[in-house]
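The next block holds one structure in the form of structure tokens; read it before the comments.
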Amino acid sequence: MKKEIENSKWRNKDYRNDYSIALATSGSTSPFFTLTAVSKNERYSEFLISTATGVFVEHIGQYFSSANVSVVNVKKTAGTYKLKSRLFKVGIIGFIIGAAIAFLVALRKMMFAGVIQDEMFISDVYGLKLLSSFDLNQESK
């Protein structure tokens, strides 16, 4: 791969060595392979996958005797994989929703916890008889 990259138009780019190529099989006995190329530039990824496919087809015979290899499908366009930005957006949205829910729960608790709702509250909760009630807003004489 490095020889192919050095002989291409990508040889002067600063990201020419910043890539990864993965080869995976569809199972232990499957004759199908999947090649994946990842880089920061979409066009460079397209070049890498086509070059890797050519190198793979050319050299597979060294490992498998009488291997008849053909390319079934080549993806013509490269996609951009933006996991970090998507994860960041989902994290921010989740944080905002979580903070709003926590604020509403705290507000409800602050408004209703420890508050006597009516004059029969003590009688209902603790089973004590209501002796009397008075209005706090009334002026004493």
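Labels used: A, B, ... for chains in the order of the structure tokens, numbers from 1 for residues in each chain, and numbers from 1 for ligands as shown.
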Please extract the residues of chain A with a backbone DSSP assignment of strand (DSSP E or B) and present them as a list of chain:residue names.
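Filtering chain A to strand (DSSP E or B) leaves A:Tyr19, A:Ser20, A:Ile21, A:Ala22, A:Leu23, A:Ala24, A:Thr25, A:Phe33, A:Thr34, A:Leu35, A:Thr36, A:Ala37, A:Val38, A:Ser39.
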Selection: 9 Å around Ala37 in chain A, only C-alpha atoms, excl. self and same-chain fewer than 6 positions, as a VMD selection string
chain A and resid 19 to 22 45 to 46 48 to 49 52
Which is closest to Trp10 in chain A among A:Leu87, A:Thr36, A:Phe47, A:Ser30, if we use only C-alpha atoms?
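Of A:Leu87, A:Thr36, A:Phe47, A:Ser30, the one nearest Trp10 in chain A, counting only C-alpha atoms, is A:Phe47.
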One number please: CA of Arg86 in chain A to CA of Tyr15 in chain A, in Å, one decimal.
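A separation of 23.6 Å between them.
Proximity to Asp18 in chain A was assessed for A:Leu35, A:Thr53, A:Lys109, A:Lys40 counting only C-alpha atoms; the smallest distance is recorded for A:Lys40.
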All residues 9 Å or closer to Glu119 in chain A, only C-alpha atoms, same chain fewer than 2 positions away omitted, as a list of chain:residue names:
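Near Glu119 in chain A, the qualifying residues are A:Ile116, A:Gln117, A:Phe121, A:Ile122, A:Ser123, A:Leu130, A:Ser132, A:Ser133.
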Save the residues we just selected, N, CA and C atoms, as a PDB file, in the first residue's frame?
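Written output follows (result_3.pdb):
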```pdb
ATOM      1  N   ILE A 116     -48.424  22.092  54.964  1.00  0.00           N
ATOM      2  CA  ILE A 116     -49.707  21.585  55.463  1.00  0.00           C
ATOM      3  C   ILE A 116     -50.778  22.066  54.497  1.00  0.00           C
ATOM      4  N   GLN A 117     -51.460  21.119  53.858  1.00  0.00           N
ATOM      5  CA  GLN A 117     -52.384  21.502  52.804  1.00  0.00           C
ATOM      6  C   GLN A 117     -53.712  22.070  53.325  1.00  0.00           C
ATOM      7  N   PHE A 121     -55.033  18.255  57.931  1.00  0.00           N
ATOM      8  CA  PHE A 121     -53.827  17.513  57.546  1.00  0.00           C
ATOM      9  C   PHE A 121     -53.220  16.762  58.732  1.00  0.00           C
ATOM     10  N   ILE A 122     -53.046  17.418  59.857  1.00  0.00           N
ATOM     11  CA  ILE A 122     -52.448  16.780  61.042  1.00  0.00           C
ATOM     12  C   ILE A 122     -53.327  15.636  61.511  1.00  0.00           C
ATOM     13  N   SER A 123     -54.632  15.851  61.492  1.00  0.00           N
ATOM     14  CA  SER A 123     -55.566  14.817  61.907  1.00  0.00           C
ATOM     15  C   SER A 123     -55.513  13.619  60.963  1.00  0.00           C
ATOM     16  N   LEU A 130     -58.366  17.163  66.065  1.00  0.00           N
ATOM     17  CA  LEU A 130     -58.223  18.581  65.801  1.00  0.00           C
ATOM     18  C   LEU A 130     -58.705  19.354  67.021  1.00  0.00           C
ATOM     19  N   SER A 132     -57.981  22.834  67.604  1.00  0.00           N
ATOM     20  CA  SER A 132     -58.453  24.128  67.131  1.00  0.00           C
ATOM     21  C   SER A 132     -57.604  24.540  65.945  1.00  0.00           C
ATOM     22  N   SER A 133     -58.000  25.627  65.323  1.00  0.00           N
ATOM     23  CA  SER A 133     -57.204  26.196  64.244  1.00  0.00           C
ATOM     24  C   SER A 133     -57.265  27.700  64.362  1.00  0.00           C
TER      25      SER A 133
END
```
